[in-house]
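Dumped final_9.csv below, it's CSV, C-alpha atoms (C1' of nucleotides):
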```csv
chain,number,residue,atom,x,y,z
A,105,MET,CA,-20.9,27.1,-6.9
A,106,GLY,CA,-17.7,25.2,-7.5
A,107,ARG,CA,-19.4,22.1,-8.5
A,108,THR,CA,-17.8,21.0,-11.8
A,109,ALA,CA,-20.6,20.6,-14.3
A,110,GLY,CA,-21.6,17.0,-14.9
A,111,ARG,CA,-19.7,15.4,-12.1
A,112,THR,CA,-21.1,14.5,-8.7
A,113,PRO,CA,-18.9,14.2,-5.7
A,114,ASP,CA,-19.3,10.4,-6.0
A,115,ASP,CA,-18.2,10.5,-9.6
A,116,THR,CA,-15.1,12.4,-8.5
A,117,ARG,CA,-14.4,10.0,-5.8
A,118,ARG,CA,-14.8,7.1,-8.2
A,119,ALA,CA,-12.5,8.8,-10.7
A,120,LEU,CA,-9.9,9.4,-8.0
A,121,LEU,CA,-9.9,5.7,-6.9
A,122,ASP,CA,-9.5,4.6,-10.5
A,123,ALA,CA,-6.7,7.1,-11.1
A,124,ALA,CA,-5.0,6.0,-7.9
A,125,ALA,CA,-5.2,2.3,-9.0
A,126,ASP,CA,-3.7,3.2,-12.4
A,127,ALA,CA,-1.0,5.4,-10.9
A,128,VAL,CA,0.0,2.8,-8.3
A,129,ARG,CA,0.1,0.0,-10.9
A,130,ALA,CA,2.3,2.1,-13.1
A,131,ARG,CA,4.6,3.8,-10.5
A,132,GLY,CA,4.2,1.8,-7.4
A,133,ILE,CA,2.9,2.9,-4.0
A,134,HIS,CA,5.0,6.1,-4.1
A,135,ALA,CA,2.9,7.5,-6.8
A,136,SER,CA,2.4,11.1,-5.7
A,137,LEU,CA,-0.9,12.7,-4.8
A,138,ASP,CA,-0.2,15.3,-7.5
A,139,GLU,CA,0.1,12.6,-10.1
A,140,ILE,CA,-3.1,10.8,-9.0
A,141,ALA,CA,-5.1,14.0,-8.8
A,142,ARG,CA,-4.0,15.2,-12.3
A,143,PHE,CA,-4.8,11.8,-13.7
A,144,ALA,CA,-8.4,12.1,-12.3
A,145,GLY,CA,-8.7,15.6,-13.6
A,146,VAL,CA,-8.7,17.3,-10.2
A,147,SER,CA,-6.1,19.2,-8.3
A,148,LYS,CA,-4.1,17.9,-5.3
A,149,GLY,CA,-6.2,20.1,-3.1
A,150,GLY,CA,-9.3,18.6,-4.6
A,151,LEU,CA,-8.1,15.1,-3.9
A,152,ILE,CA,-7.4,16.0,-0.3
A,153,TYR,CA,-11.0,17.2,0.0
A,154,HIS,CA,-12.3,13.8,-0.8
A,155,PHE,CA,-9.7,11.7,1.0
A,156,ALA,CA,-8.2,13.1,4.3
A,157,SER,CA,-4.7,11.8,3.6
A,158,LYS,CA,-2.8,9.6,1.3
A,159,ASP,CA,-3.1,6.7,3.7
A,160,ASP,CA,-6.8,7.2,3.7
A,161,LEU,CA,-6.9,7.1,-0.1
A,162,ILE,CA,-4.8,3.9,-0.2
A,163,LEU,CA,-6.9,2.2,2.4
A,164,GLU,CA,-10.1,3.0,0.5
A,165,LEU,CA,-8.5,1.8,-2.7
A,166,ALA,CA,-7.7,-1.5,-1.0
A,167,ARG,CA,-11.2,-1.9,0.2
A,168,ASP,CA,-12.4,-1.2,-3.3
A,169,GLN,CA,-10.2,-3.8,-4.8
A,170,LEU,CA,-11.0,-6.5,-2.3
A,171,ALA,CA,-14.7,-5.8,-2.8
A,172,ALA,CA,-14.2,-6.0,-6.6
A,173,PHE,CA,-12.6,-9.4,-6.3
A,174,GLN,CA,-15.4,-10.7,-4.0
A,175,ALA,CA,-17.9,-9.3,-6.5
A,176,SER,CA,-16.3,-11.2,-9.3
A,177,ILE,CA,-16.5,-14.4,-7.3
A,178,ASP,CA,-20.2,-13.8,-6.7
A,179,ALA,CA,-20.7,-13.1,-10.3
A,180,ALA,CA,-19.0,-16.4,-11.1
A,181,LEU,CA,-21.4,-18.4,-8.9
A,182,ASP,CA,-23.5,-20.7,-11.0
A,183,PRO,CA,-27.1,-20.5,-9.7
A,184,ALA,CA,-27.9,-23.9,-11.2
A,185,ASP,CA,-24.9,-25.5,-9.4
A,186,THR,CA,-25.9,-26.7,-5.9
A,187,SER,CA,-23.2,-29.4,-5.5
A,188,PRO,CA,-20.4,-29.3,-3.0
A,189,GLY,CA,-17.6,-27.2,-4.3
A,190,ARG,CA,-19.8,-24.6,-6.0
A,191,LEU,CA,-18.0,-21.7,-4.3
A,192,THR,CA,-14.6,-23.2,-5.0
A,193,ARG,CA,-15.5,-23.4,-8.7
A,194,ALA,CA,-16.5,-19.7,-8.6
A,195,TYR,CA,-13.2,-18.9,-7.0
A,196,ILE,CA,-11.3,-20.7,-9.7
A,197,ARG,CA,-13.2,-19.0,-12.4
A,198,ALA,CA,-12.9,-15.6,-10.8
A,199,ALA,CA,-9.2,-16.0,-10.3
A,200,LEU,CA,-8.3,-17.5,-13.6
A,201,THR,CA,-10.7,-16.5,-16.3
A,202,PRO,CA,-10.3,-13.0,-17.9
A,203,ALA,CA,-14.1,-12.7,-18.1
A,204,GLY,CA,-15.4,-9.3,-19.2
A,205,ASP,CA,-12.7,-6.8,-18.8
A,206,ASP,CA,-11.4,-8.7,-15.9
A,207,ALA,CA,-7.8,-8.6,-17.2
A,208,ALA,CA,-8.0,-5.9,-14.5
A,209,VAL,CA,-8.8,-8.4,-11.9
A,210,ARG,CA,-5.6,-10.3,-12.6
A,211,GLN,CA,-3.6,-7.1,-12.5
A,212,SER,CA,-5.2,-6.2,-9.2
A,213,ILE,CA,-3.1,-8.8,-7.5
A,214,ALA,CA,0.0,-6.9,-8.3
A,215,LEU,CA,-1.8,-3.8,-7.1
A,216,ILE,CA,-2.8,-5.3,-3.8
A,217,THR,CA,0.8,-6.3,-3.1
A,218,GLN,CA,1.8,-2.6,-3.5
A,219,LEU,CA,-1.0,-1.4,-1.3
A,220,MET,CA,0.0,-3.9,1.5
A,221,THR,CA,3.0,-1.7,2.1
A,222,LEU,CA,0.6,0.1,4.4
A,223,PRO,CA,0.1,-1.9,7.6
A,224,ALA,CA,-3.6,-1.0,7.8
A,225,VAL,CA,-4.0,-2.5,4.3
A,226,ALA,CA,-2.1,-5.6,5.3
A,227,GLU,CA,-4.4,-6.2,8.2
A,228,LEU,CA,-7.5,-5.6,6.0
A,229,ALA,CA,-6.2,-8.1,3.4
A,230,ARG,CA,-5.4,-10.7,6.1
A,231,ALA,CA,-8.9,-10.5,7.5
A,232,ASP,CA,-10.4,-10.7,4.1
A,233,ALA,CA,-8.3,-13.8,3.2
A,234,GLU,CA,-9.4,-15.4,6.5
A,235,ARG,CA,-13.0,-14.8,5.7
A,236,LEU,CA,-12.6,-16.3,2.2
A,237,ASP,CA,-10.7,-19.3,3.5
A,238,ALA,CA,-13.5,-20.0,6.0
A,239,ALA,CA,-16.1,-19.8,3.3
A,240,LEU,CA,-14.1,-22.2,1.1
A,241,ALA,CA,-13.6,-24.6,4.0
A,242,ALA,CA,-17.4,-24.8,4.4
A,243,ASP,CA,-17.9,-25.5,0.7
A,244,GLY,CA,-18.2,-29.2,1.1
A,245,LEU,CA,-15.0,-30.5,-0.5
A,246,PRO,CA,-12.5,-32.8,1.2
A,247,PRO,CA,-9.8,-30.6,2.8
A,248,ASP,CA,-7.0,-32.2,0.7
A,249,VAL,CA,-8.7,-31.6,-2.6
A,250,LEU,CA,-9.6,-28.0,-1.5
A,251,ALA,CA,-6.0,-27.3,-0.6
A,252,LEU,CA,-4.7,-28.6,-3.9
A,253,VAL,CA,-7.2,-26.8,-6.0
A,254,VAL,CA,-6.9,-23.4,-4.2
A,255,ALA,CA,-3.1,-23.6,-4.2
A,256,ALA,CA,-3.0,-24.3,-7.9
A,257,ALA,CA,-5.4,-21.5,-8.7
A,258,ASP,CA,-3.5,-19.1,-6.5
A,259,GLY,CA,-0.2,-20.1,-8.1
A,260,MET,CA,-1.6,-19.6,-11.6
A,261,SER,CA,-3.1,-16.2,-10.8
A,262,CYS,CA,0.2,-15.1,-9.1
A,263,ALA,CA,2.3,-16.1,-12.1
A,264,PRO,CA,1.9,-12.8,-13.9
A,265,LEU,CA,3.5,-11.2,-10.8
A,266,TRP,CA,6.8,-12.8,-11.9
A,267,GLY,CA,6.2,-12.1,-15.5
A,268,ALA,CA,5.9,-15.8,-16.1
A,269,ALA,CA,4.1,-17.1,-19.1
A,270,THR,CA,0.4,-17.4,-18.7
A,271,ARG,CA,-2.6,-18.3,-20.8
A,272,THR,CA,-0.7,-21.2,-22.3
A,273,PRO,CA,-2.5,-24.3,-23.4
A,274,ALA,CA,-1.2,-26.2,-20.4
A,275,HIS,CA,-2.7,-23.5,-18.1
A,276,ARG,CA,-6.1,-23.6,-19.8
A,277,ARG,CA,-6.1,-27.4,-19.6
A,278,LEU,CA,-5.1,-27.2,-15.9
A,279,THR,CA,-8.0,-24.8,-15.2
A,280,GLU,CA,-10.4,-27.2,-16.7
A,281,ARG,CA,-8.8,-30.1,-14.8
A,282,LEU,CA,-9.1,-28.3,-11.5
A,283,LEU,CA,-12.8,-27.5,-12.1
A,284,HIS,CA,-13.3,-31.2,-13.0
A,285,LEU,CA,-11.6,-32.3,-9.8
A,286,THR,CA,-14.0,-30.3,-7.7
A,287,ARG,CA,-16.8,-32.3,-9.1
A,288,HIS,CA,-14.9,-35.6,-8.8
A,289,PRO,CA,-12.8,-35.2,-5.7
A,290,GLU,CA,-12.3,-39.0,-5.5
A,291,LEU,CA,-9.9,-38.7,-8.4
A,292,TRP,CA,-7.4,-37.1,-6.0
A,293,GLU,CA,-8.4,-38.7,-2.7
A,294,SER,CA,-8.1,-42.3,-4.0
B,162,MET,CA,43.5,5.0,6.0
B,163,GLY,CA,39.8,5.2,6.4
B,164,ARG,CA,39.4,1.4,6.3
B,165,THR,CA,37.3,0.4,9.3
B,166,ALA,CA,39.2,-2.2,11.2
B,167,GLY,CA,38.0,-5.8,10.7
B,168,ARG,CA,35.7,-5.1,7.7
B,169,THR,CA,36.7,-5.4,4.1
B,170,PRO,CA,34.9,-3.5,1.4
B,171,ASP,CA,33.1,-6.8,0.5
B,172,ASP,CA,32.0,-7.2,4.0
B,173,THR,CA,30.6,-3.7,4.0
B,174,ARG,CA,28.8,-4.4,0.7
B,175,ARG,CA,27.4,-7.6,2.1
B,176,ALA,CA,26.2,-5.8,5.3
B,177,LEU,CA,24.6,-3.1,3.2
B,178,LEU,CA,22.7,-5.6,1.1
B,179,ASP,CA,21.5,-7.4,4.2
B,180,ALA,CA,20.5,-4.2,5.8
B,181,ALA,CA,18.6,-3.1,2.7
B,182,ALA,CA,16.7,-6.4,2.6
B,183,ASP,CA,15.7,-6.0,6.3
B,184,ALA,CA,14.7,-2.4,5.8
B,185,VAL,CA,12.6,-3.0,2.7
B,186,ARG,CA,10.9,-6.0,4.3
B,187,ALA,CA,10.0,-3.9,7.3
B,188,ARG,CA,9.2,-0.5,5.7
B,189,GLY,CA,8.7,-1.2,2.1
B,190,ILE,CA,10.5,0.0,-0.9
B,191,HIS,CA,10.5,3.5,0.4
B,192,ALA,CA,12.9,2.7,3.2
B,193,SER,CA,15.4,5.6,3.1
B,194,LEU,CA,19.1,5.3,2.4
B,195,ASP,CA,19.8,6.8,5.7
B,196,GLU,CA,17.9,4.1,7.5
B,197,ILE,CA,19.6,1.3,5.5
B,198,ALA,CA,23.0,2.8,6.0
B,199,ARG,CA,22.6,3.2,9.8
B,200,PHE,CA,21.3,-0.4,10.0
B,201,ALA,CA,24.5,-1.6,8.3
B,202,GLY,CA,26.7,0.5,10.6
B,203,VAL,CA,27.7,3.0,7.9
B,204,SER,CA,26.8,6.5,7.0
B,205,LYS,CA,24.6,7.5,4.1
B,206,GLY,CA,27.8,8.8,2.4
B,207,GLY,CA,29.4,5.4,2.9
B,208,LEU,CA,26.5,3.7,1.3
B,209,ILE,CA,26.6,5.9,-1.8
B,210,TYR,CA,30.3,5.0,-2.1
B,211,HIS,CA,29.4,1.4,-2.5
B,212,PHE,CA,26.2,1.8,-4.6
B,213,ALA,CA,26.0,4.7,-7.0
B,214,SER,CA,22.3,5.3,-6.4
B,215,LYS,CA,19.3,3.9,-4.6
B,216,ASP,CA,18.2,2.3,-7.8
B,217,ASP,CA,21.6,0.6,-8.1
B,218,LEU,CA,21.3,-0.7,-4.6
B,219,ILE,CA,17.8,-2.1,-5.2
B,220,LEU,CA,18.8,-3.7,-8.4
B,221,GLU,CA,21.8,-5.4,-6.8
B,222,LEU,CA,19.6,-6.5,-3.9
B,223,ALA,CA,17.2,-8.1,-6.4
B,224,ARG,CA,20.1,-9.9,-8.1
B,225,ASP,CA,21.2,-11.1,-4.7
B,226,GLN,CA,17.8,-12.4,-3.8
B,227,LEU,CA,17.2,-14.2,-7.1
B,228,ALA,CA,20.7,-15.8,-6.8
B,229,ALA,CA,19.9,-16.9,-3.3
B,230,PHE,CA,16.7,-18.6,-4.4
B,231,GLN,CA,18.5,-20.4,-7.3
B,232,ALA,CA,21.1,-21.5,-4.8
B,233,SER,CA,18.5,-22.9,-2.5
B,234,ILE,CA,17.1,-24.9,-5.5
B,235,ASP,CA,20.6,-26.2,-6.2
B,236,ALA,CA,21.1,-27.1,-2.6
B,237,ALA,CA,17.8,-29.0,-2.7
B,238,LEU,CA,18.9,-31.2,-5.6
B,239,ASP,CA,19.3,-34.8,-4.6
B,240,PRO,CA,22.5,-36.1,-6.1
B,241,ALA,CA,21.2,-39.7,-5.8
B,242,ASP,CA,18.0,-38.7,-7.7
B,243,THR,CA,18.4,-39.1,-11.5
B,244,SER,CA,14.8,-39.7,-12.4
B,245,PRO,CA,12.7,-37.3,-14.5
B,246,GLY,CA,11.4,-34.5,-12.3
B,247,ARG,CA,14.5,-34.2,-10.1
B,248,LEU,CA,14.7,-30.4,-10.7
B,249,THR,CA,11.0,-30.0,-10.1
B,250,ARG,CA,11.3,-31.8,-6.8
B,251,ALA,CA,14.2,-29.5,-5.8
B,252,TYR,CA,12.0,-26.5,-6.8
B,253,ILE,CA,9.2,-27.8,-4.6
B,254,ARG,CA,11.5,-28.3,-1.7
B,255,ALA,CA,13.2,-25.0,-2.1
B,256,ALA,CA,9.9,-23.1,-2.3
B,257,LEU,CA,8.1,-24.9,0.4
B,258,THR,CA,10.4,-26.2,3.1
B,259,PRO,CA,11.9,-23.9,5.7
B,260,ALA,CA,15.2,-25.8,5.6
B,261,GLY,CA,18.1,-24.3,7.5
B,262,ASP,CA,17.4,-20.7,8.2
B,263,ASP,CA,15.4,-20.5,5.0
B,264,ALA,CA,12.4,-18.9,6.6
B,265,ALA,CA,14.2,-16.0,5.0
B,266,VAL,CA,13.7,-17.6,1.6
B,267,ARG,CA,9.9,-17.6,2.1
B,268,GLN,CA,10.0,-14.0,3.2
B,269,SER,CA,12.0,-13.1,0.2
B,270,ILE,CA,8.9,-13.5,-2.0
B,271,ALA,CA,7.4,-10.5,-0.3
B,272,LEU,CA,10.6,-8.7,-0.6
B,273,ILE,CA,10.9,-9.3,-4.4
B,274,THR,CA,7.4,-7.9,-4.9
B,275,GLN,CA,8.5,-4.8,-3.2
B,276,LEU,CA,11.7,-4.6,-5.3
B,277,MET,CA,9.7,-5.1,-8.5
B,278,THR,CA,8.4,-1.5,-8.2
B,279,LEU,CA,11.6,-0.7,-10.0
B,280,PRO,CA,11.2,-1.4,-13.7
B,281,ALA,CA,14.7,-2.7,-14.1
B,282,VAL,CA,14.0,-5.2,-11.4
B,283,ALA,CA,10.8,-6.3,-13.0
B,284,GLU,CA,12.7,-7.1,-16.2
B,285,LEU,CA,15.4,-8.9,-14.3
B,286,ALA,CA,12.8,-11.1,-12.5
B,287,ARG,CA,10.9,-11.8,-15.8
B,288,ALA,CA,14.1,-13.0,-17.4
B,289,ASP,CA,14.9,-15.1,-14.4
B,290,ALA,CA,11.5,-16.7,-14.3
B,291,GLU,CA,11.8,-17.5,-18.0
B,292,ARG,CA,15.1,-19.2,-17.5
B,293,LEU,CA,13.7,-21.3,-14.6
B,294,ASP,CA,10.6,-22.2,-16.6
B,295,ALA,CA,12.7,-23.4,-19.4
B,296,ALA,CA,14.8,-25.5,-17.1
B,297,LEU,CA,11.7,-27.0,-15.5
B,298,ALA,CA,10.2,-27.7,-18.9
B,299,ALA,CA,13.3,-29.8,-19.8
B,300,ASP,CA,13.0,-31.8,-16.6
B,301,GLY,CA,11.3,-34.7,-18.2
B,302,LEU,CA,7.8,-34.5,-16.7
B,303,PRO,CA,4.6,-34.5,-18.7
B,304,PRO,CA,3.6,-30.8,-19.3
B,305,ASP,CA,0.3,-31.2,-17.6
B,306,VAL,CA,1.8,-32.6,-14.4
B,307,LEU,CA,4.5,-30.0,-14.4
B,308,ALA,CA,2.0,-27.2,-14.7
B,309,LEU,CA,-0.1,-28.6,-11.8
B,310,VAL,CA,2.8,-29.2,-9.5
B,311,VAL,CA,4.5,-25.8,-10.2
B,312,ALA,CA,1.3,-23.9,-9.9
B,313,ALA,CA,0.4,-25.6,-6.6
B,314,ALA,CA,3.9,-24.9,-5.2
B,315,ASP,CA,3.8,-21.3,-6.3
B,316,GLY,CA,0.3,-20.9,-4.8
B,317,MET,CA,1.4,-22.3,-1.4
B,318,SER,CA,4.6,-20.2,-1.3
B,319,CYS,CA,2.6,-17.1,-2.2
B,320,ALA,CA,0.0,-17.6,0.5
B,321,PRO,CA,2.0,-15.8,3.2
B,322,LEU,CA,1.8,-12.8,1.0
B,323,TRP,CA,-1.9,-12.5,1.8
B,324,GLY,CA,-1.3,-13.4,5.4
B,325,ALA,CA,-3.1,-16.7,4.8
B,326,ALA,CA,-2.6,-19.7,7.1
B,327,THR,CA,0.5,-21.7,6.1
B,328,ARG,CA,2.3,-24.8,7.5
B,329,THR,CA,-1.0,-26.4,8.3
B,330,PRO,CA,-1.3,-30.2,8.2
B,331,ALA,CA,-3.1,-29.9,4.9
B,332,HIS,CA,-0.2,-28.0,3.4
B,333,ARG,CA,2.3,-30.4,4.6
B,334,ARG,CA,0.3,-33.3,3.2
B,335,LEU,CA,-0.1,-31.4,-0.1
B,336,THR,CA,3.7,-30.9,-0.3
B,337,GLU,CA,4.3,-34.6,0.1
B,338,ARG,CA,1.6,-35.4,-2.4
B,339,LEU,CA,3.1,-33.1,-5.0
B,340,LEU,CA,6.5,-34.7,-4.6
B,341,HIS,CA,4.9,-38.1,-4.9
B,342,LEU,CA,3.1,-37.0,-8.1
B,343,THR,CA,6.4,-36.0,-9.7
B,344,ARG,CA,7.5,-39.6,-9.3
B,345,HIS,CA,4.2,-41.1,-10.5
B,346,PRO,CA,2.9,-38.7,-13.0
B,347,GLU,CA,0.5,-41.3,-14.4
B,348,LEU,CA,-1.6,-40.7,-11.3
B,349,TRP,CA,-2.6,-37.3,-12.8
B,350,GLU,CA,-2.4,-38.1,-16.5
B,351,SER,CA,-4.6,-41.1,-16.3
C,94,DG,C1',37.3,4.0,2.5
C,95,DT,C1',34.1,6.5,5.2
C,96,DC,C1',32.1,10.7,7.2
C,97,DT,C1',29.9,15.6,7.6
C,98,DA,C1',27.6,19.1,5.6
C,99,DT,C1',24.7,20.7,2.4
C,100,DA,C1',22.5,21.3,-2.0
C,101,DA,C1',18.3,20.4,-4.8
C,102,DA,C1',14.1,18.2,-5.4
C,103,DT,C1',9.9,16.2,-4.1
C,104,DG,C1',6.0,15.0,-1.5
C,105,DG,C1',2.2,15.5,2.0
C,106,DA,C1',-0.7,18.5,4.1
C,107,DT,C1',-2.8,23.2,5.4
C,108,DA,C1',-5.1,27.7,4.8
C,109,DG,C1',-7.9,30.3,2.5
C,110,DA,C1',-9.6,32.2,-2.0
C,111,DC,C1',-13.2,31.5,-5.4
D,57,DG,C1',-16.8,21.6,-4.1
D,58,DT,C1',-12.5,22.6,-6.0
D,59,DC,C1',-8.3,25.3,-6.7
D,60,DT,C1',-3.9,28.1,-5.7
D,61,DA,C1',-0.3,29.1,-2.8
D,62,DT,C1',2.6,27.8,0.6
D,63,DC,C1',4.8,25.5,4.6
D,64,DC,C1',7.4,21.9,6.3
D,65,DA,C1',9.5,17.4,6.5
D,66,DT,C1',11.9,14.1,4.1
D,67,DT,C1',15.0,12.2,0.8
D,68,DT,C1',18.4,11.6,-2.8
D,69,DA,C1',22.7,13.0,-4.2
D,70,DT,C1',27.0,15.8,-4.2
D,71,DA,C1',31.3,18.0,-2.5
D,72,DG,C1',34.9,17.8,0.0
D,73,DA,C1',37.2,16.9,4.8
D,74,DC,C1',39.6,13.3,7.3
```
Exercise: express the given structure as structure tokens:
Amino acid sequence: MGRTAGRTPDDTRRALLDAAADAVRARGIHASLDEIARFAGVSKGGLIYHFASKDDLILELARDQLAAFQASIDAALDPADTSPGRLTRAYIRAALTPAGDDAAVRQSIALITQLMTLPAVAELARADAERLDAALAADGLPPDVLALVVAAADGMSCAPLWGAATRTPAHRRLTERLLHLTRHPELWES
Amino acid sequence: MGRTAGRTPDDTRRALLDAAADAVRARGIHASLDEIARFAGVSKGGLIYHFASKDDLILELARDQLAAFQASIDAALDPADTSPGRLTRAYIRAALTPAGDDAAVRQSIALITQLMTLPAVAELARADAERLDAALAADGLPPDVLALVVAAADGMSCAPLWGAATRTPAHRRLTERLLHLTRHPELWES
DNA sequence: GTCTATAAATGGATAGAC
DNA sequence: GTCTATCCATTTATAGAC
């Protein structure tokens, strides 16, 4: 008894994580458990059954978001591309192209900054960034070119944070130019 | 009566804004008024005398931070430099060099993201970014070069947000390279 | 101009019913 | 497996003393 027809515990958990993401995006990290729970169609008590505390919920949400970004990098890997810089190209595409419904991926940057209010999340994100940096460093590009390309991609993907204009022709051209540079690093090194 | 010896109302206001900045950096946007007030050496009641509400305090703090960043750009303007790109170079220096005690300027990025939880602050920051973008667009550099250089500077200055490594040799080299590019835009345009 | 005391609201978490 | 009811801590904001 008690099981709501048509929703498994995993479904409920998924719904709660999604609701938490929406609520935090909209209201910031202080979105209340009550708000999140109602948004997911459960009660506050129901939420607490699935996540032991608010901190626990936020930490799991952070894990979920970081995993989603990594998944979008993996999805952007071109199997036919075996040249140096293939991971870097996937990173650029994942960070800058609104592929699929990945407008969400862009927004998740703003979300992560909210989640990082929690020290445990900050540490998780730091470790994740370190892992990614190491992988990129081993991607076969000259360090100077890698630094430029990653910085530019990060800068463009952060722009929405400030409400700056994005998806302008200049930005699209720049994205292409960065991808081109990873294939011809000598253009920058020379 | 009542006036605490040796501190004018403006001094108190300044102390409260500084304390709020410290508290929000340390504890996030949910730092309590009580905390902030004690840190500034006033009572909660004293704080509320100077700022009508917490939202008011946060909004004024955001104005203060944006003005400080603009001031550091102005300070980085080279009077002897009259070539196209002089404002862009000042922007790069302000965003990337820890001049003076401007380690605070770097940290203020993380602070602003916290403050943007407040919709009024988000709007303020958006308008400020728009103003800055317009000024940079009128700086005389080819749009493609401007887009690259600003994106790369933004990306490097955002890196600490993720706890990523910063001030590495590669970053210092990249900063110099970006400044160089603003003086020789044909290197990228060609 | 600043403080104390307190009101009023909200949020996180627990206990136990169903 | 989920909900209701409730407790307790925290927080913003007010009222009024000094």
Checklist entry - Any idea what's packed within 12 Å of stretch 57-69 of chain D, counting only C-alpha atoms (C1' of nucleotides), ignoring anything in its chain fewer than 2 positions away? Could you give it as an MDAnalysis selection string? => result (chainID A and resid 105:109 111:114 116:117 141 145:154) or (chainID B and resid 191:196 205:206 208:210 212:216) or (chainID C and resid 99:111) or (chainID D and resid 71)
Next on the checklist: Between atom CA of A:Leu240 and atom CA of A:Leu191, what distance in Å does the model show, to one decimal?
Outcome noted: 6.7 Å
Next on the checklist: Give me, as a PyMOL selection string, the residues of chain A touching chain B, with the criterion being at most 10 Å (counting all atoms listed in the file).
Outcome noted: chain A and resi 128-134+214+216-218+220-223+226-234+236-237+247-269+273-275+277-279+281-282+291-292+294
Item to check | Polymer residues at most 10 Å from B:Asp225, all atoms listed in the file, same-chain spacing of 5 or more positions, as JSON, numbers by chain | outcome: {"B": [175, 178, 179, 182, 219, 220, 230]}
Next on the checklist: Report, in Å to a single decimal, how far apart atom CA of A:Ala175 and atom CA of A:Thr192 are.
Outcome noted: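 Value for the atom CA of A:Thr192-atom CA of A:Ala175 distance: 14.4 Å.
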Next on the checklist: At a cut-off of 12 Å, which residues of chain C touch chain B? Count all atoms listed in the file and give the answer as a PyMOL selection string.
Outcome noted: chain C and resi 94-98
Checklist entry - Do you know which residues are at most 9 Å from B:Gly301 counting all atoms listed in the file, after dropping those on the same chain fewer than 5 positions away, and could you put them as a ChimeraX atom specification? => result /B:244-247
Next on the checklist: Using Å and a single decimal, report how far atom CA of B:Leu272 sits from atom CA of B:Ala256.
Outcome noted: 14.5 Å
Item to check | 8 Å contact set for A:Arg193, all atoms listed in the file, chain neighbours under 6 positions out, as a count of residues only | outcome: 3
Output stretch 169-173 of chain A with all heavy atoms present, as a PDB file, in the coordinates of the input.
```pdb
ATOM      1  N   GLN A 169     -10.695  -2.672  -4.070  1.00  0.00           N
ATOM      2  CA  GLN A 169     -10.200  -3.800  -4.800  1.00  0.00           C
ATOM      3  C   GLN A 169     -10.606  -5.132  -4.274  1.00  0.00           C
ATOM      4  O   GLN A 169     -10.961  -6.043  -5.012  1.00  0.00           O
ATOM      5  CB  GLN A 169      -8.622  -3.727  -4.866  1.00  0.00           C
ATOM      6  CG  GLN A 169      -8.075  -2.548  -5.650  1.00  0.00           C
ATOM      7  CD  GLN A 169      -8.354  -2.682  -7.137  1.00  0.00           C
ATOM      8  OE1 GLN A 169      -8.176  -3.739  -7.709  1.00  0.00           O
ATOM      9  NE2 GLN A 169      -8.828  -1.609  -7.747  1.00  0.00           N
ATOM     10  N   LEU A 170     -10.571  -5.260  -2.952  1.00  0.00           N
ATOM     11  CA  LEU A 170     -11.000  -6.500  -2.300  1.00  0.00           C
ATOM     12  C   LEU A 170     -12.486  -6.754  -2.594  1.00  0.00           C
ATOM     13  O   LEU A 170     -12.899  -7.884  -2.874  1.00  0.00           O
ATOM     14  CB  LEU A 170     -10.728  -6.475  -0.818  1.00  0.00           C
ATOM     15  CG  LEU A 170      -9.242  -6.480  -0.432  1.00  0.00           C
ATOM     16  CD1 LEU A 170      -9.067  -6.293   1.076  1.00  0.00           C
ATOM     17  CD2 LEU A 170      -8.568  -7.769  -0.874  1.00  0.00           C
ATOM     18  N   ALA A 171     -13.268  -5.681  -2.538  1.00  0.00           N
ATOM     19  CA  ALA A 171     -14.700  -5.800  -2.800  1.00  0.00           C
ATOM     20  C   ALA A 171     -14.924  -6.206  -4.272  1.00  0.00           C
ATOM     21  O   ALA A 171     -15.810  -7.009  -4.574  1.00  0.00           O
ATOM     22  CB  ALA A 171     -15.413  -4.488  -2.514  1.00  0.00           C
ATOM     23  N   ALA A 172     -14.085  -5.681  -5.171  1.00  0.00           N
ATOM     24  CA  ALA A 172     -14.200  -6.000  -6.600  1.00  0.00           C
ATOM     25  C   ALA A 172     -13.943  -7.493  -6.832  1.00  0.00           C
ATOM     26  O   ALA A 172     -14.621  -8.153  -7.619  1.00  0.00           O
ATOM     27  CB  ALA A 172     -13.310  -5.132  -7.433  1.00  0.00           C
ATOM     28  N   PHE A 173     -12.937  -8.015  -6.136  1.00  0.00           N
ATOM     29  CA  PHE A 173     -12.600  -9.400  -6.300  1.00  0.00           C
ATOM     30  C   PHE A 173     -13.757 -10.302  -5.771  1.00  0.00           C
ATOM     31  O   PHE A 173     -14.180 -11.269  -6.412  1.00  0.00           O
ATOM     32  CB  PHE A 173     -11.301  -9.785  -5.613  1.00  0.00           C
ATOM     33  CG  PHE A 173     -10.895 -11.219  -5.808  1.00  0.00           C
ATOM     34  CD1 PHE A 173     -10.690 -11.727  -7.082  1.00  0.00           C
ATOM     35  CD2 PHE A 173     -10.729 -12.070  -4.727  1.00  0.00           C
ATOM     36  CE1 PHE A 173     -10.336 -13.064  -7.281  1.00  0.00           C
ATOM     37  CE2 PHE A 173     -10.374 -13.397  -4.914  1.00  0.00           C
ATOM     38  CZ  PHE A 173     -10.177 -13.895  -6.193  1.00  0.00           C
TER      39      PHE A 173
END
```
